[in-house]
file query_29.cif (mmCIF, C-alpha atoms)
data_upload
#
loop_
_atom_site.label_atom_id
_atom_site.label_comp_id
_atom_site.auth_asym_id
_atom_site.auth_seq_id
_atom_site.Cartn_x
_atom_site.Cartn_y
_atom_site.Cartn_z
CA MET I 73 -26.22 -16.90 34.88
CA LYS I 74 -24.10 -20.03 34.40
CA THR I 75 -23.91 -19.33 30.67
CA LEU I 76 -22.58 -15.85 31.34
CA ARG I 77 -19.88 -17.27 33.62
CA LYS I 78 -18.87 -19.77 30.92
CA TYR I 79 -18.53 -17.00 28.34
CA ALA I 80 -16.52 -14.90 30.79
CA LEU I 81 -14.22 -17.85 31.52
CA VAL I 82 -13.67 -18.59 27.83
CA LEU I 83 -12.98 -14.91 27.14
CA LEU I 84 -10.52 -14.76 30.05
CA LEU I 85 -8.70 -17.84 28.71
CA PHE I 86 -8.17 -16.11 25.37
CA ILE I 87 -7.08 -12.78 26.88
CA TYR I 88 -4.87 -14.19 29.66
CA PRO I 89 -1.93 -15.24 27.42
CA CYS I 90 -1.87 -11.76 25.89
CA ILE I 91 -1.58 -10.19 29.34
CA LEU I 92 1.22 -12.52 30.45
CA HIS I 93 3.27 -12.51 27.24
CA PRO I 94 2.49 -9.45 25.14
CA SER I 95 5.83 -9.69 23.31
CA THR I 96 4.85 -13.01 21.72
CA PHE I 97 2.04 -11.33 19.80
CA HIS I 98 3.14 -9.18 16.87
CA SER I 99 1.18 -6.24 15.66
CA GLU I 100 0.02 -6.23 12.05
CA ASP I 101 2.31 -3.28 11.28
CA GLU I 102 5.41 -5.30 12.21
CA GLU I 103 4.42 -8.17 9.91
CA THR I 104 3.24 -6.19 6.89
CA VAL I 105 4.68 -3.81 4.37
CA THR I 106 2.98 -0.61 3.26
CA VAL I 107 3.14 0.37 -0.41
CA HIS I 108 1.80 3.76 -1.50
CA VAL I 109 1.03 4.26 -5.18
CA TYR I 110 0.16 7.83 -6.07
CA ARG I 111 -0.21 10.16 -9.03
CA PRO I 112 0.51 13.87 -8.56
CA LYS I 113 -2.24 16.20 -9.70
CA ARG I 114 -1.22 17.79 -13.02
CA LEU I 115 -3.00 19.59 -15.84
CA VAL I 116 -1.36 17.43 -18.53
CA GLY I 117 -3.33 14.19 -18.92
CA PHE I 118 -5.83 15.12 -16.21
CA ALA I 119 -8.57 12.90 -17.71
CA TRP I 120 -6.35 9.83 -18.14
CA VAL I 121 -7.05 7.13 -15.54
CA PHE I 122 -4.34 4.53 -14.91
CA GLN I 123 -5.20 0.85 -14.49
CA LEU I 124 -2.80 -0.49 -11.83
CA LYS I 125 -1.87 -4.18 -11.65
CA ARG I 126 -0.15 -6.11 -8.90
CA ASP I 127 1.53 -9.34 -10.00
CA GLY I 128 -0.48 -9.23 -13.24
CA GLU I 129 -3.88 -8.82 -11.53
CA LYS I 130 -5.91 -5.60 -11.60
CA CYS I 131 -5.79 -3.98 -8.18
CA GLY I 132 -6.95 -0.42 -8.67
CA ARG I 133 -7.33 2.68 -10.78
CA ILE I 134 -5.36 5.86 -10.25
CA LYS I 135 -6.89 9.11 -11.40
CA ASN I 136 -5.22 12.50 -11.48
CA GLY I 137 -4.24 13.31 -7.88
CA GLY I 138 -5.10 9.75 -6.73
CA HIS I 139 -3.42 7.76 -3.97
CA LEU I 140 -3.73 4.03 -3.19
CA VAL I 141 -2.33 2.26 -0.12
CA PHE I 142 -1.60 -1.47 0.04
CA LYS I 143 -0.77 -3.56 3.12
CA LEU I 144 1.18 -6.57 1.84
CA LYS I 145 3.23 -9.47 3.09
CA PRO I 146 7.01 -9.27 2.72
CA GLY I 147 8.47 -10.74 -0.47
CA LYS I 148 8.66 -10.00 -4.16
CA VAL I 149 5.87 -8.03 -5.81
CA THR I 150 5.49 -6.41 -9.23
CA PHE I 151 3.35 -3.34 -9.86
CA SER I 152 2.60 -2.22 -13.40
CA VAL I 153 0.75 0.33 -15.53
CA LYS I 154 0.48 -0.62 -19.21
CA LYS I 155 3.94 -1.86 -20.22
CA LYS I 156 5.87 -0.21 -17.38
CA GLU I 157 6.70 -2.55 -14.45
CA VAL I 158 8.36 -1.95 -11.11
CA GLU I 159 9.59 -4.98 -9.18
CA LEU I 160 10.00 -4.59 -5.42
CA TYR I 161 11.48 -6.89 -2.79
CA LEU I 162 9.41 -5.94 0.23
CA GLU I 163 10.96 -6.08 3.69
CA LYS I 164 8.69 -6.24 6.73
CA GLY I 165 8.10 -3.02 8.59
CA LYS I 166 9.18 -0.82 5.66
CA THR I 167 7.16 1.63 3.56
CA TYR I 168 7.54 2.00 -0.20
CA TYR I 169 6.34 4.76 -2.52
CA LEU I 170 5.56 4.40 -6.23
CA ARG I 171 4.89 7.47 -8.35
CA SER I 172 2.72 7.10 -11.46
CA PHE I 173 2.77 9.86 -14.05
CA ILE I 174 2.59 10.66 -17.74
CA ALA I 175 6.03 10.76 -19.34
CA ALA I 176 6.56 13.08 -22.29
CA GLY I 177 6.52 11.43 -25.70
CA VAL I 178 7.04 12.51 -29.32
CA TYR I 179 3.33 12.63 -30.23
CA ILE I 180 1.59 11.39 -27.13
CA GLY I 181 2.64 10.79 -23.55
CA SER I 182 3.10 7.36 -22.06
CA LEU I 183 2.27 5.99 -18.65
CA ASP I 184 5.18 5.56 -16.28
CA LEU I 185 5.73 4.17 -12.79
CA ILE I 186 8.84 4.63 -10.65
CA GLU I 187 9.90 4.06 -7.05
CA VAL I 188 10.65 7.30 -5.20
CA THR I 189 12.05 8.18 -1.79
CA GLU I 190 9.79 8.86 1.16
CA PRO I 191 10.67 12.59 1.50
CA PHE I 192 10.04 13.17 -2.21
CA ALA I 193 6.69 11.32 -2.09
CA LEU I 194 5.50 13.05 1.07
CA LYS I 195 6.35 16.45 -0.43
CA GLU I 196 4.35 15.68 -3.58
CA LEU I 197 1.44 14.20 -1.62
CA SER I 198 1.19 17.35 0.48
CA GLU I 199 1.05 19.64 -2.58
CA LYS I 200 -2.31 20.67 -3.98
CA GLY I 201 -1.24 20.44 -7.63
CA ASP I 202 -1.62 22.90 -10.49
#
call {"tool": "encode", "arguments": {"input": "query_29.cif", "output": "structure tokens"}}
result
Amino acid sequence: MKTLRKYALVLLLFIYPCILHPSTFHSEDEETVTVHVYRPKRLVGFAWVFQLKRDGEKCGRIKNGGHLVFKLKPGKVTFSVKKKEVELYLEKGKTYYLRSFIAAGVYIGSLDLIEVTEPFALKELSEKGD
């Protein structure tokens, strides 16, 4: 019984400051930045899978109709697919959207990555595709 009281006391000591001063504790959403990287579903290049890199390191693969979400710390970050890079300066509490797609080429398409606005991205993400 004494052990249970000790655990309850220790738990209370950790919770008590949160009850008294909730404003001193920041939620994760206030301290992080959300980056969405998506690829609209299209018939052209449907089998092509994109290798996504963040700051030169592989961080995911985007297939046709795919969508990746990253929770990052504020600061500079570079996303890339093949030779196309997008550099972002992330501000805390904001959300960014990157659209990956196949750009038309003379003989063959090339991978592309651009930053888009939130309304544009949300519209494309809500569409079913071709």
call {"tool": "atom_distance", "arguments": {"input": "query_29.cif", "atom1": "atom CA of Lys166 of chain I", "atom2": "atom CA of Lys135 of chain I"}}
result
25.5 Å
call {"tool": "residues_around", "arguments": {"input": "query_29.cif", "residues": "segment 193-196 of chain I", "least_positions_apart": "2", "cutoff": "12 Å", "atoms": "only C-alpha atoms", "output": "list in words"}}
result
Val107, His108, Val109, Tyr110, Arg111, Pro112, Lys113, Arg114, Gly137, Gly138, His139, Thr167, Tyr168, Tyr169, Leu170, Arg171, Ser172, Ile186, Glu187, Val188, Thr189, Glu190, Pro191, Ser198, Glu199, Lys200, Gly201 and Asp202 of chain I
call {"tool": "closest_residue", "arguments": {"input": "query_29.cif", "among": "I:Val153, I:Leu197, I:Leu162, I:Val116", "to": "Asp184 of chain I", "atoms": "only C-alpha atoms"}}
result
I:Val153
call {"tool": "atom_distance", "arguments": {"input": "query_29.cif", "atom1": "atom CA of Glu157 of chain I", "atom2": "atom CA of Phe173 of chain I"}}
result
13.0 Å
call {"tool": "resolve_selection", "arguments": {"input": "query_29.cif", "expression": "the PyMOL selection byres ((chain I and resi 119-131) around 7)", "output": "tab-separated table (two decimals) with C-alpha atoms, in the coordinates of the input"}}
result
chain	number	residue	atom	x	y	z
I	117	GLY	CA	-3.33	14.19	-18.92
I	118	PHE	CA	-5.83	15.12	-16.21
I	132	GLY	CA	-6.95	-0.42	-8.67
I	133	ARG	CA	-7.33	2.68	-10.78
I	134	ILE	CA	-5.36	5.86	-10.25
I	135	LYS	CA	-6.89	9.11	-11.40
I	136	ASN	CA	-5.22	12.50	-11.48
I	149	VAL	CA	5.87	-8.03	-5.81
I	150	THR	CA	5.49	-6.41	-9.23
I	151	PHE	CA	3.35	-3.34	-9.86
I	152	SER	CA	2.60	-2.22	-13.40
I	153	VAL	CA	0.75	0.33	-15.53
call {"tool": "atom_distance", "arguments": {"input": "query_29.cif", "atom1": "atom CA of Phe142 of chain I", "atom2": "atom CA of Leu185 of chain I"}}
result
15.8 Å
call {"tool": "closest_residue", "arguments": {"input": "query_29.cif", "among": "I:Val105, I:Leu140, I:Leu183, I:Ala176", "to": "Lys154 of chain I", "atoms": "only C-alpha atoms"}}
result
I:Leu183
call {"tool": "residues_around", "arguments": {"input": "query_29.cif", "residues": "Lys145 of chain I", "least_positions_apart": "6", "cutoff": "9 Å", "atoms": "only C-alpha atoms", "output": "count of residues only"}}
result
7
